[in-house]
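For reference, work-v3.cif (mmCIF, C-alpha atoms (C1' of nucleotides)):
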```
data_model
#
loop_
_atom_site.label_atom_id
_atom_site.label_comp_id
_atom_site.auth_asym_id
_atom_site.auth_seq_id
_atom_site.Cartn_x
_atom_site.Cartn_y
_atom_site.Cartn_z
CA MET E 1 180.45 9.04 -0.92
CA ALA E 2 178.74 6.58 1.34
CA ILE E 3 175.82 6.07 -0.99
CA SER E 4 178.01 4.99 -3.86
CA LYS E 5 178.48 1.66 -2.14
CA ILE E 6 174.81 0.79 -2.08
CA LYS E 7 173.42 2.35 -5.22
CA ARG E 8 174.66 -0.40 -7.51
CA GLY E 9 172.08 -1.67 -9.91
CA SER E 10 169.87 1.38 -9.65
CA ALA E 11 171.27 3.22 -12.68
CA GLU E 12 169.17 1.34 -15.20
CA LEU E 13 165.95 2.03 -13.32
CA ALA E 14 166.91 5.66 -12.76
CA ILE E 15 167.70 6.38 -16.41
CA LEU E 16 164.64 4.61 -17.78
CA SER E 17 162.44 6.36 -15.23
CA VAL E 18 163.47 9.88 -16.13
CA LEU E 19 163.36 9.14 -19.86
CA ALA E 20 159.88 7.69 -19.46
CA GLU E 21 158.63 11.15 -18.56
CA GLU E 22 160.61 13.28 -20.93
CA ARG E 23 163.07 13.30 -23.82
CA LEU E 24 166.49 14.33 -22.45
CA TYR E 25 170.11 14.47 -23.51
CA GLY E 26 172.88 12.81 -21.48
CA TYR E 27 173.95 15.81 -19.50
CA GLN E 28 170.34 16.49 -18.59
CA VAL E 29 169.73 12.91 -17.46
CA ALA E 30 172.49 13.16 -14.87
CA HIS E 31 171.21 16.51 -13.61
CA ARG E 32 167.60 15.39 -13.55
CA ILE E 33 168.43 12.36 -11.41
CA ALA E 34 170.52 14.37 -8.94
CA GLU E 35 167.92 17.13 -8.76
CA ARG E 36 164.93 14.81 -8.35
CA THR E 37 166.63 12.87 -5.54
CA GLN E 38 167.98 16.05 -3.94
CA GLY E 39 171.53 14.90 -4.55
CA GLU E 40 171.16 11.54 -2.86
CA LEU E 41 171.49 9.67 -6.12
CA ARG E 42 174.17 11.02 -8.40
CA PHE E 43 175.80 9.53 -11.49
CA THR E 44 178.94 11.00 -12.98
CA LEU E 45 178.82 11.74 -16.69
CA ALA E 46 181.74 9.40 -17.33
CA SER E 47 179.72 6.50 -16.01
CA LEU E 48 176.41 7.69 -17.40
CA TYR E 49 177.36 7.80 -21.07
CA PRO E 50 178.46 4.16 -21.29
CA MET E 51 175.16 3.20 -19.63
CA LEU E 52 173.24 5.15 -22.26
CA TYR E 53 175.14 3.36 -25.03
CA THR E 54 174.36 0.00 -23.45
CA LEU E 55 170.67 0.79 -23.09
CA GLU E 56 170.58 1.98 -26.69
CA ARG E 57 172.33 -1.18 -27.90
CA ARG E 58 169.61 -3.18 -26.13
CA GLY E 59 166.99 -1.13 -27.91
CA TRP E 60 165.44 0.24 -24.72
CA ILE E 61 166.26 3.85 -25.51
CA LYS E 62 166.97 5.66 -28.77
CA GLY E 63 169.29 8.63 -29.24
CA ALA E 64 169.24 11.26 -31.97
CA TRP E 65 171.66 14.12 -32.62
CA GLU E 66 170.31 17.63 -32.71
CA ASN E 67 171.95 21.01 -33.20
CA SER E 68 171.18 23.32 -30.32
CA THR E 69 171.07 27.10 -30.64
CA SER E 70 174.34 27.24 -28.71
CA GLY E 71 176.44 25.53 -31.36
CA ARG E 72 177.11 22.36 -29.38
CA LYS E 73 175.45 19.19 -30.65
CA ARG E 74 173.28 17.29 -28.24
CA ARG E 75 172.20 13.69 -28.36
CA TYR E 76 168.60 13.44 -27.18
CA TYR E 77 167.42 10.11 -25.81
CA ARG E 78 163.88 8.86 -25.60
CA LEU E 79 162.37 5.65 -24.25
CA THR E 80 161.45 3.14 -26.97
CA ALA E 81 158.38 0.89 -26.85
CA ALA E 82 160.69 -1.98 -25.88
CA GLY E 83 162.16 0.12 -23.06
CA SER E 84 158.72 1.03 -21.83
CA LYS E 85 157.85 -2.63 -21.58
CA GLN E 86 160.96 -3.26 -19.48
CA LEU E 87 160.14 -0.57 -16.97
CA ALA E 88 157.12 -2.23 -15.37
CA PRO E 89 158.82 -5.55 -14.44
CA LEU E 90 161.91 -3.63 -13.34
CA ARG E 91 159.78 -1.60 -10.93
CA ARG E 92 158.26 -4.80 -9.56
CA GLU E 93 161.72 -6.27 -8.97
CA TRP E 94 162.74 -3.22 -7.01
CA GLU E 95 159.55 -3.31 -4.98
CA GLY E 96 160.28 -6.93 -4.07
CA PHE E 97 163.80 -6.00 -3.12
CA PHE E 98 162.61 -3.12 -0.94
CA ARG E 99 160.11 -5.38 0.77
CA ALA E 100 162.85 -7.92 1.44
CA ILE E 101 165.21 -5.38 3.00
CA ALA E 102 162.38 -3.94 5.06
CA ARG E 103 161.50 -7.36 6.44
CA LEU E 104 165.10 -8.10 7.21
CA THR E 105 166.19 -4.88 8.84
CA GLY E 106 163.24 -2.65 9.45
CA VAL E 107 164.58 -0.11 6.96
CA ALA E 108 161.72 1.68 5.23
CA HIS E 109 161.65 4.38 2.62
CA ALA E 110 159.14 6.65 4.30
CA MET R 1 167.66 -14.80 -11.22
CA ALA R 2 166.28 -11.33 -11.82
CA ILE R 3 166.84 -10.16 -8.28
CA SER R 4 170.54 -10.90 -8.36
CA LYS R 5 171.04 -7.87 -10.54
CA ILE R 6 169.76 -5.37 -8.03
CA LYS R 7 170.76 -6.74 -4.66
CA ARG R 8 174.31 -5.46 -4.84
CA GLY R 9 175.50 -3.77 -1.71
CA SER R 10 172.81 -5.24 0.48
CA ALA R 11 174.83 -8.20 1.77
CA GLU R 12 176.59 -6.23 4.47
CA LEU R 13 173.37 -4.81 5.82
CA ALA R 14 171.65 -8.19 5.64
CA ILE R 15 174.38 -10.06 7.52
CA LEU R 16 174.80 -7.44 10.22
CA SER R 17 171.04 -7.23 10.67
CA VAL R 18 170.49 -10.92 11.31
CA LEU R 19 173.55 -11.15 13.54
CA ALA R 20 172.32 -8.16 15.54
CA GLU R 21 169.40 -10.27 16.72
CA GLU R 22 171.06 -13.60 17.24
CA ARG R 23 174.35 -15.49 17.24
CA LEU R 24 174.44 -17.66 14.10
CA TYR R 25 176.88 -19.78 12.10
CA GLY R 26 177.48 -19.22 8.39
CA TYR R 27 175.09 -21.78 7.06
CA GLN R 28 172.38 -20.40 9.33
CA VAL R 29 172.98 -16.82 8.22
CA ALA R 30 172.23 -17.71 4.61
CA HIS R 31 169.09 -19.62 5.56
CA ARG R 32 167.88 -16.93 7.92
CA ILE R 33 168.16 -14.24 5.26
CA ALA R 34 166.34 -16.33 2.65
CA GLU R 35 163.66 -17.37 5.11
CA ARG R 36 163.05 -13.89 6.51
CA THR R 37 162.70 -12.39 3.05
CA GLN R 38 160.64 -15.31 1.78
CA GLY R 39 163.32 -16.18 -0.73
CA GLU R 40 163.48 -12.76 -2.33
CA LEU R 41 166.96 -12.12 -0.97
CA ARG R 42 169.27 -15.10 -1.22
CA PHE R 43 173.04 -15.37 -0.86
CA THR R 44 174.93 -18.46 -1.92
CA LEU R 45 177.21 -19.96 0.69
CA ALA R 46 180.22 -19.56 -1.59
CA SER R 47 179.71 -15.81 -1.62
CA LEU R 48 178.60 -15.56 1.98
CA TYR R 49 181.70 -17.02 3.64
CA PRO R 50 184.14 -14.56 2.09
CA MET R 51 181.81 -11.76 3.25
CA LEU R 52 181.91 -13.10 6.78
CA TYR R 53 185.72 -13.17 6.70
CA THR R 54 185.80 -9.59 5.48
CA LEU R 55 183.41 -8.40 8.18
CA GLU R 56 185.45 -10.22 10.81
CA ARG R 57 188.69 -8.68 9.52
CA ARG R 58 187.05 -5.28 9.93
CA GLY R 59 186.14 -6.18 13.49
CA TRP R 60 182.39 -5.81 12.95
CA ILE R 61 181.63 -9.45 13.71
CA LYS R 62 183.50 -12.10 15.67
CA GLY R 63 183.51 -15.83 14.97
CA ALA R 64 184.23 -18.69 17.36
CA TRP R 65 184.49 -22.43 16.65
CA GLU R 66 182.23 -24.77 18.53
CA ASN R 67 181.77 -28.51 18.44
CA SER R 68 178.19 -29.44 17.73
CA THR R 69 176.59 -32.67 18.92
CA SER R 70 176.69 -33.86 15.31
CA GLY R 71 180.47 -34.05 15.01
CA ARG R 72 180.83 -31.22 12.52
CA LYS R 73 182.43 -28.05 13.81
CA ARG R 74 180.52 -24.81 13.43
CA ARG R 75 181.82 -21.28 13.46
CA TYR R 76 179.36 -19.06 15.29
CA TYR R 77 179.40 -15.36 14.52
CA ARG R 78 178.17 -12.54 16.73
CA LEU R 79 178.01 -8.79 16.21
CA THR R 80 180.77 -6.89 18.00
CA ALA R 81 180.33 -3.49 19.66
CA ALA R 82 182.07 -1.94 16.65
CA GLY R 83 179.69 -3.75 14.30
CA SER R 84 176.72 -2.58 16.28
CA LYS R 85 177.86 1.02 15.90
CA GLN R 86 178.09 0.56 12.12
CA LEU R 87 174.56 -0.71 11.80
CA ALA R 88 172.76 2.54 12.64
CA PRO R 89 174.45 4.74 10.00
CA LEU R 90 174.18 1.91 7.49
CA ARG R 91 170.43 1.82 8.02
CA ARG R 92 170.23 5.58 7.54
CA GLU R 93 172.14 5.30 4.26
CA TRP R 94 169.70 2.71 3.00
CA GLU R 95 166.75 4.81 4.06
CA GLY R 96 168.16 7.72 2.07
CA PHE R 97 168.67 5.48 -0.92
CA PHE R 98 165.11 4.14 -0.71
CA ARG R 99 163.74 7.67 -0.47
CA ALA R 100 165.75 8.66 -3.54
CA ILE R 101 164.50 5.75 -5.65
CA ALA R 102 160.94 6.38 -4.51
CA ARG R 103 161.14 10.04 -5.55
CA LEU R 104 162.62 9.12 -8.88
CA THR R 105 160.39 6.28 -9.93
CA GLY R 106 157.49 5.94 -7.56
CA VAL R 107 158.73 2.56 -6.41
CA ALA R 108 157.82 2.01 -2.78
CA HIS R 109 158.44 -0.84 -0.40
CA ALA R 110 154.91 -1.12 0.92
"C1'" DA S 1 176.43 -52.49 3.12
"C1'" DT S 2 176.20 -48.68 -0.06
"C1'" DC S 3 174.43 -44.59 -2.02
"C1'" DC S 4 172.47 -40.25 -1.72
"C1'" DT S 5 171.02 -36.05 0.42
"C1'" DA S 6 171.51 -32.42 3.73
"C1'" DG S 7 174.53 -30.02 6.56
"C1'" DA S 8 178.88 -27.21 7.01
"C1'" DT S 9 183.00 -24.68 5.65
"C1'" DA S 10 186.39 -23.22 2.16
"C1'" DT S 11 188.90 -21.22 -2.16
"C1'" DA S 12 189.71 -19.83 -7.11
"C1'" DG S 13 188.35 -17.28 -10.79
"C1'" DG S 14 185.27 -14.36 -13.12
"C1'" DA S 15 181.06 -11.36 -14.44
"C1'" DA S 16 178.61 -7.19 -13.65
"C1'" DT S 17 178.29 -2.48 -12.22
"C1'" DC S 18 179.90 1.82 -11.48
"C1'" DC S 19 183.94 4.82 -10.52
"C1'" DT S 20 188.25 7.85 -11.29
"C1'" DA S 21 191.10 9.86 -14.49
"C1'" DT S 22 191.58 11.92 -18.67
"C1'" DG S 23 190.55 14.09 -23.11
"C1'" DT S 24 188.07 17.08 -26.51
"C1'" DA S 25 185.32 21.12 -27.60
"C1'" DT S 26 182.03 25.39 -27.25
"C1'" DA S 27 179.63 29.41 -25.00
"C1'" DG S 28 179.46 33.07 -21.84
"C1'" DG S 29 180.65 35.78 -17.80
"C1'" DA S 30 184.27 37.97 -14.75
"C1'" DT Z 1 191.94 36.49 -21.04
"C1'" DC Z 2 190.75 33.09 -17.98
"C1'" DC Z 3 187.54 30.34 -15.77
"C1'" DT Z 4 183.29 27.93 -15.39
"C1'" DA Z 5 179.43 25.48 -17.18
"C1'" DT Z 6 177.98 22.77 -20.85
"C1'" DA Z 7 178.44 18.44 -23.62
"C1'" DC Z 8 180.20 14.08 -25.17
"C1'" DA Z 9 183.70 10.28 -25.07
"C1'" DT Z 10 187.06 6.38 -23.70
"C1'" DA Z 11 190.46 3.64 -20.85
"C1'" DG Z 12 191.27 1.29 -16.94
"C1'" DG Z 13 190.18 -0.12 -12.42
"C1'" DA Z 14 187.57 -1.07 -7.73
"C1'" DT Z 15 183.88 -3.30 -5.67
"C1'" DT Z 16 180.47 -6.74 -5.09
"C1'" DC Z 17 178.72 -10.89 -5.71
"C1'" DC Z 18 178.49 -15.07 -8.61
"C1'" DT Z 19 179.64 -19.97 -10.54
"C1'" DA Z 20 182.40 -23.80 -10.09
"C1'" DT Z 21 184.72 -26.70 -7.27
"C1'" DA Z 22 186.50 -29.02 -3.12
"C1'" DT Z 23 186.38 -31.32 1.46
"C1'" DC Z 24 184.11 -33.71 5.27
"C1'" DT Z 25 180.21 -35.69 8.45
"C1'" DA Z 26 175.58 -37.51 9.72
"C1'" DG Z 27 171.55 -39.92 8.67
"C1'" DG Z 28 168.05 -41.94 5.77
"C1'" DA Z 29 166.99 -44.74 1.69
"C1'" DT Z 30 167.72 -48.79 -1.20
#
```
Starting from the file, give its structure as structure tokens.
Amino acid sequence: MAISKIKRGSAELAILSVLAEERLYGYQVAHRIAERTQGELRFTLASLYPMLYTLERRGWIKGAWENSTSGRKRRYYRLTAAGSKQLAPLRREWEGFFRAIARLTGVAHA
Amino acid sequence: MAISKIKRGSAELAILSVLAEERLYGYQVAHRIAERTQGELRFTLASLYPMLYTLERRGWIKGAWENSTSGRKRRYYRLTAAGSKQLAPLRREWEGFFRAIARLTGVAHA
DNA sequence: ATCCTAGATATAGGAATCCTATGTATAGGA
DNA sequence: TCCTATACATAGGATTCCTATATCTAGGAT
């Protein structure tokens, strides 16, 4: 797990980004992130759930229980208006950070 | 300090990158990083020195005391051959990470 | 002459972020 | 019947970087 060392701080952006597009439950959030990044970014469920609780406590996302057809209850999360407002400045911070690393080392995303 | 939240893990890459170009002492390393990134990436000296000691203990950089003309001793660090070998895979890891974030959120460095 | 700022290195202690380990429970296929 | 995938949850810890603090020198300002 080489990536695990350098992915710190990206969880918040990752979760808000996927929830900005679609309402998802916890298990789905983890899978969506791994799938979308082709496995390069991967959060374990045990670390994801506490993050979801934190984001909900801040009012950036909102969860609601729903009974699925398969018996098991699922807690669906959606981005709140407050969370949506946070996403834009967060993206700008990351862009600045990427620019800085690129200037320093020549590392680029493309 | 908004950036401080998301720069985690970048210190190693930043230090090795500037030392790959030039032999520098601790104080200079911090200034070089801040200057090169136009202040977007900034490490305090109190956090930088312990990082230098760690990198030296790993054998990736090597420090040597030198007397400057201004009385005060300086410890100059240079990248070792082992450190140089680490830099390439580290860059690739960061490129993968950048690609992943870009796919997930649309954030790009350019 | 004295104070203050910039330069230069150093350590202690702690906050933030994410992980491993572990636990519970259900549905469905082999 | 067992195993895997699904689904949520908590405790405790590792890593990374910070704030606070300390020491010492050189040089300019007052």
Show which residues sit within 12 Å of Glu40 (chain R), as a PyMOL selection string. Count only C-alpha atoms (C1' of nucleotides), and ignore same-chain residues fewer than 2 positions away.
-> (chain E and resi 92-104) or (chain R and resi 1-4+6-7+31-38+42-43)
With C-alpha atoms kept, could you save the residues just selected as a PDB file, in the frame of the given file?
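Result written to out37.pdb:
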```pdb
ATOM      1  CA  ARG E  92     158.260  -4.800  -9.560  1.00  0.00           C
ATOM      2  CA  GLU E  93     161.720  -6.270  -8.970  1.00  0.00           C
ATOM      3  CA  TRP E  94     162.740  -3.220  -7.010  1.00  0.00           C
ATOM      4  CA  GLU E  95     159.550  -3.310  -4.980  1.00  0.00           C
ATOM      5  CA  GLY E  96     160.280  -6.930  -4.070  1.00  0.00           C
ATOM      6  CA  PHE E  97     163.800  -6.000  -3.120  1.00  0.00           C
ATOM      7  CA  PHE E  98     162.610  -3.120  -0.940  1.00  0.00           C
ATOM      8  CA  ARG E  99     160.110  -5.380   0.770  1.00  0.00           C
ATOM      9  CA  ALA E 100     162.850  -7.920   1.440  1.00  0.00           C
ATOM     10  CA  ILE E 101     165.210  -5.380   3.000  1.00  0.00           C
ATOM     11  CA  ALA E 102     162.380  -3.940   5.060  1.00  0.00           C
ATOM     12  CA  ARG E 103     161.500  -7.360   6.440  1.00  0.00           C
ATOM     13  CA  LEU E 104     165.100  -8.100   7.210  1.00  0.00           C
TER      14      LEU E 104
ATOM     15  CA  MET R   1     167.660 -14.800 -11.220  1.00  0.00           C
ATOM     16  CA  ALA R   2     166.280 -11.330 -11.820  1.00  0.00           C
ATOM     17  CA  ILE R   3     166.840 -10.160  -8.280  1.00  0.00           C
ATOM     18  CA  SER R   4     170.540 -10.900  -8.360  1.00  0.00           C
ATOM     19  CA  ILE R   6     169.760  -5.370  -8.030  1.00  0.00           C
ATOM     20  CA  LYS R   7     170.760  -6.740  -4.660  1.00  0.00           C
ATOM     21  CA  HIS R  31     169.090 -19.620   5.560  1.00  0.00           C
ATOM     22  CA  ARG R  32     167.880 -16.930   7.920  1.00  0.00           C
ATOM     23  CA  ILE R  33     168.160 -14.240   5.260  1.00  0.00           C
ATOM     24  CA  ALA R  34     166.340 -16.330   2.650  1.00  0.00           C
ATOM     25  CA  GLU R  35     163.660 -17.370   5.110  1.00  0.00           C
ATOM     26  CA  ARG R  36     163.050 -13.890   6.510  1.00  0.00           C
ATOM     27  CA  THR R  37     162.700 -12.390   3.050  1.00  0.00           C
ATOM     28  CA  GLN R  38     160.640 -15.310   1.780  1.00  0.00           C
ATOM     29  CA  ARG R  42     169.270 -15.100  -1.220  1.00  0.00           C
ATOM     30  CA  PHE R  43     173.040 -15.370  -0.860  1.00  0.00           C
TER      31      PHE R  43
END
```
Name the residues that the PyMOL selection byres ((chain E) within 9 of (chain Z)) picks from the file above, as a PDB file with C-alpha atoms, in the frame of the given file, using the file's chain letters and numbers.
```
ATOM      1  CA  LYS E   5     178.480   1.660  -2.140  1.00  0.00           C
ATOM      2  CA  ARG E   8     174.660  -0.400  -7.510  1.00  0.00           C
ATOM      3  CA  GLY E  26     172.880  12.810 -21.480  1.00  0.00           C
ATOM      4  CA  TYR E  27     173.950  15.810 -19.500  1.00  0.00           C
ATOM      5  CA  LEU E  45     178.820  11.740 -16.690  1.00  0.00           C
ATOM      6  CA  ALA E  46     181.740   9.400 -17.330  1.00  0.00           C
ATOM      7  CA  TYR E  49     177.360   7.800 -21.070  1.00  0.00           C
ATOM      8  CA  PRO E  50     178.460   4.160 -21.290  1.00  0.00           C
ATOM      9  CA  ARG E  72     177.110  22.360 -29.380  1.00  0.00           C
ATOM     10  CA  LYS E  73     175.450  19.190 -30.650  1.00  0.00           C
ATOM     11  CA  ARG E  74     173.280  17.290 -28.240  1.00  0.00           C
ATOM     12  CA  ARG E  75     172.200  13.690 -28.360  1.00  0.00           C
TER      13      ARG E  75
END
```
Residues of chain S no more than 12 Å from chain E, counting all atoms listed in the file: send them over as a VMD selection string.
-> chain S and resid 16 to 23 25 to 28
Any chance you could work out the residue set of the PyMOL selection byres ((chain R and resi 65) around 10) here, as a ChimeraX atom specification?
-> /R:25,63-64,66-68,73-77
Could you state which residues are captured by the PyMOL selection byres ((chain E and resi 81) around 12) in this file, as a PDB file with C-alpha atoms, keeping the file's coordinate frame?
```pdb
ATOM      1  CA  LEU E  16     164.640   4.610 -17.780  1.00  0.00           C
ATOM      2  CA  LEU E  19     163.360   9.140 -19.860  1.00  0.00           C
ATOM      3  CA  ALA E  20     159.880   7.690 -19.460  1.00  0.00           C
ATOM      4  CA  ARG E  58     169.610  -3.180 -26.130  1.00  0.00           C
ATOM      5  CA  GLY E  59     166.990  -1.130 -27.910  1.00  0.00           C
ATOM      6  CA  TRP E  60     165.440   0.240 -24.720  1.00  0.00           C
ATOM      7  CA  ILE E  61     166.260   3.850 -25.510  1.00  0.00           C
ATOM      8  CA  LYS E  62     166.970   5.660 -28.770  1.00  0.00           C
ATOM      9  CA  ARG E  78     163.880   8.860 -25.600  1.00  0.00           C
ATOM     10  CA  LEU E  79     162.370   5.650 -24.250  1.00  0.00           C
ATOM     11  CA  THR E  80     161.450   3.140 -26.970  1.00  0.00           C
ATOM     12  CA  ALA E  82     160.690  -1.980 -25.880  1.00  0.00           C
ATOM     13  CA  GLY E  83     162.160   0.120 -23.060  1.00  0.00           C
ATOM     14  CA  SER E  84     158.720   1.030 -21.830  1.00  0.00           C
ATOM     15  CA  LYS E  85     157.850  -2.630 -21.580  1.00  0.00           C
ATOM     16  CA  GLN E  86     160.960  -3.260 -19.480  1.00  0.00           C
ATOM     17  CA  LEU E  87     160.140  -0.570 -16.970  1.00  0.00           C
ATOM     18  CA  ALA E  88     157.120  -2.230 -15.370  1.00  0.00           C
TER      19      ALA E  88
END
```
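For the residues R:Glu56, R:Ala30, R:Leu41, R:Leu24, ranking by smallest atom-to-atom distance to chain E using only C-alpha atoms places R:Leu41 first.
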Quick one: distance from CA of Thr105 (chain R) to CA of Val107 (chain E) in Å, one decimal?
-> 18.5 Å
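Comparing the minimum interatomic distances between chain R and each of E:Ser17, E:Arg23, E:Glu12, E:Gln28, counting only C-alpha atoms, we find that E:Ser17 sits nearest.
With C1' of DA10 (chain S) on one side and CA of Leu55 (chain R) on the other, the separation reads 16.3 Å.
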Subset file as a PDB file, in the first residue's frame: region 3-70 of chain R, C-alpha atoms:
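Contents of part30.pdb, as written:
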```pdb
ATOM      1  CA  ILE R   3      -3.546  24.251   2.736  1.00  0.00           C
ATOM      2  CA  SER R   4      -2.090  22.653   5.827  1.00  0.00           C
ATOM      3  CA  LYS R   5      -4.969  20.209   5.840  1.00  0.00           C
ATOM      4  CA  ILE R   6      -4.187  18.676   2.493  1.00  0.00           C
ATOM      5  CA  LYS R   7      -0.427  18.759   2.202  1.00  0.00           C
ATOM      6  CA  ARG R   8       0.119  15.652   4.282  1.00  0.00           C
ATOM      7  CA  GLY R   9       2.565  13.221   2.810  1.00  0.00           C
ATOM      8  CA  SER R  10       4.117  15.722   0.458  1.00  0.00           C
ATOM      9  CA  ALA R  11       7.034  16.716   2.701  1.00  0.00           C
ATOM     10  CA  GLU R  12       9.190  13.773   1.729  1.00  0.00           C
ATOM     11  CA  LEU R  13       8.737  14.401  -1.968  1.00  0.00           C
ATOM     12  CA  ALA R  14       9.299  18.124  -1.538  1.00  0.00           C
ATOM     13  CA  ILE R  15      12.543  17.763   0.409  1.00  0.00           C
ATOM     14  CA  LEU R  16      14.007  15.097  -1.846  1.00  0.00           C
ATOM     15  CA  SER R  17      13.053  17.115  -4.922  1.00  0.00           C
ATOM     16  CA  VAL R  18      14.838  20.300  -3.900  1.00  0.00           C
ATOM     17  CA  LEU R  19      17.874  18.386  -2.657  1.00  0.00           C
ATOM     18  CA  ALA R  20      18.037  16.494  -5.944  1.00  0.00           C
ATOM     19  CA  GLU R  21      18.889  19.770  -7.671  1.00  0.00           C
ATOM     20  CA  GLU R  22      21.165  21.361  -5.145  1.00  0.00           C
ATOM     21  CA  ARG R  23      22.988  20.900  -1.849  1.00  0.00           C
ATOM     22  CA  LEU R  24      21.140  22.956   0.796  1.00  0.00           C
ATOM     23  CA  TYR R  25      21.047  23.432   4.558  1.00  0.00           C
ATOM     24  CA  GLY R  26      17.834  23.088   6.569  1.00  0.00           C
ATOM     25  CA  TYR R  27      16.875  26.704   6.683  1.00  0.00           C
ATOM     26  CA  GLN R  28      17.395  26.940   2.927  1.00  0.00           C
ATOM     27  CA  VAL R  29      15.270  23.874   2.224  1.00  0.00           C
ATOM     28  CA  ALA R  30      12.244  25.472   3.884  1.00  0.00           C
ATOM     29  CA  HIS R  31      12.746  28.736   2.016  1.00  0.00           C
ATOM     30  CA  ARG R  32      13.350  27.038  -1.299  1.00  0.00           C
ATOM     31  CA  ILE R  33      10.121  25.060  -1.054  1.00  0.00           C
ATOM     32  CA  ALA R  34       8.059  28.123  -0.107  1.00  0.00           C
ATOM     33  CA  GLU R  35       9.686  30.241  -2.792  1.00  0.00           C
ATOM     34  CA  ARG R  36       9.358  27.665  -5.567  1.00  0.00           C
ATOM     35  CA  THR R  37       5.679  27.098  -4.822  1.00  0.00           C
ATOM     36  CA  GLN R  38       5.016  30.801  -4.326  1.00  0.00           C
ATOM     37  CA  GLY R  39       4.085  30.207  -0.717  1.00  0.00           C
ATOM     38  CA  GLU R  40       1.452  27.586  -1.425  1.00  0.00           C
ATOM     39  CA  LEU R  41       3.545  24.847   0.143  1.00  0.00           C
ATOM     40  CA  ARG R  42       5.234  25.864   3.364  1.00  0.00           C
ATOM     41  CA  PHE R  43       6.908  23.793   6.069  1.00  0.00           C
ATOM     42  CA  THR R  44       7.812  25.252   9.427  1.00  0.00           C
ATOM     43  CA  LEU R  45      11.395  24.767  10.518  1.00  0.00           C
ATOM     44  CA  ALA R  46      10.285  22.942  13.653  1.00  0.00           C
ATOM     45  CA  SER R  47       8.656  20.272  11.527  1.00  0.00           C
ATOM     46  CA  LEU R  48      11.294  20.294   8.823  1.00  0.00           C
ATOM     47  CA  TYR R  49      14.313  19.408  10.955  1.00  0.00           C
ATOM     48  CA  PRO R  50      12.853  16.187  12.336  1.00  0.00           C
ATOM     49  CA  MET R  51      12.006  15.208   8.750  1.00  0.00           C
ATOM     50  CA  LEU R  52      15.592  15.786   7.711  1.00  0.00           C
ATOM     51  CA  TYR R  53      16.822  13.583  10.565  1.00  0.00           C
ATOM     52  CA  THR R  54      14.422  10.845   9.541  1.00  0.00           C
ATOM     53  CA  LEU R  55      15.496  10.985   5.898  1.00  0.00           C
ATOM     54  CA  GLU R  56      19.136  10.897   6.951  1.00  0.00           C
ATOM     55  CA  ARG R  57      18.528   7.903   9.234  1.00  0.00           C
ATOM     56  CA  ARG R  58      17.030   6.126   6.226  1.00  0.00           C
ATOM     57  CA  GLY R  59      20.127   6.952   4.227  1.00  0.00           C
ATOM     58  CA  TRP R  60      18.274   8.950   1.579  1.00  0.00           C
ATOM     59  CA  ILE R  61      20.067  12.205   2.373  1.00  0.00           C
ATOM     60  CA  LYS R  62      23.401  12.961   4.017  1.00  0.00           C
ATOM     61  CA  GLY R  63      24.226  15.997   6.130  1.00  0.00           C
ATOM     62  CA  ALA R  64      27.619  17.557   6.825  1.00  0.00           C
ATOM     63  CA  TRP R  65      28.520  20.458   9.132  1.00  0.00           C
ATOM     64  CA  GLU R  66      30.279  23.428   7.650  1.00  0.00           C
ATOM     65  CA  ASN R  67      31.482  26.688   9.131  1.00  0.00           C
ATOM     66  CA  SER R  68      30.028  29.645   7.299  1.00  0.00           C
ATOM     67  CA  THR R  69      31.759  33.012   7.067  1.00  0.00           C
ATOM     68  CA  SER R  70      29.139  34.342   9.482  1.00  0.00           C
TER      69      SER R  70
END
```
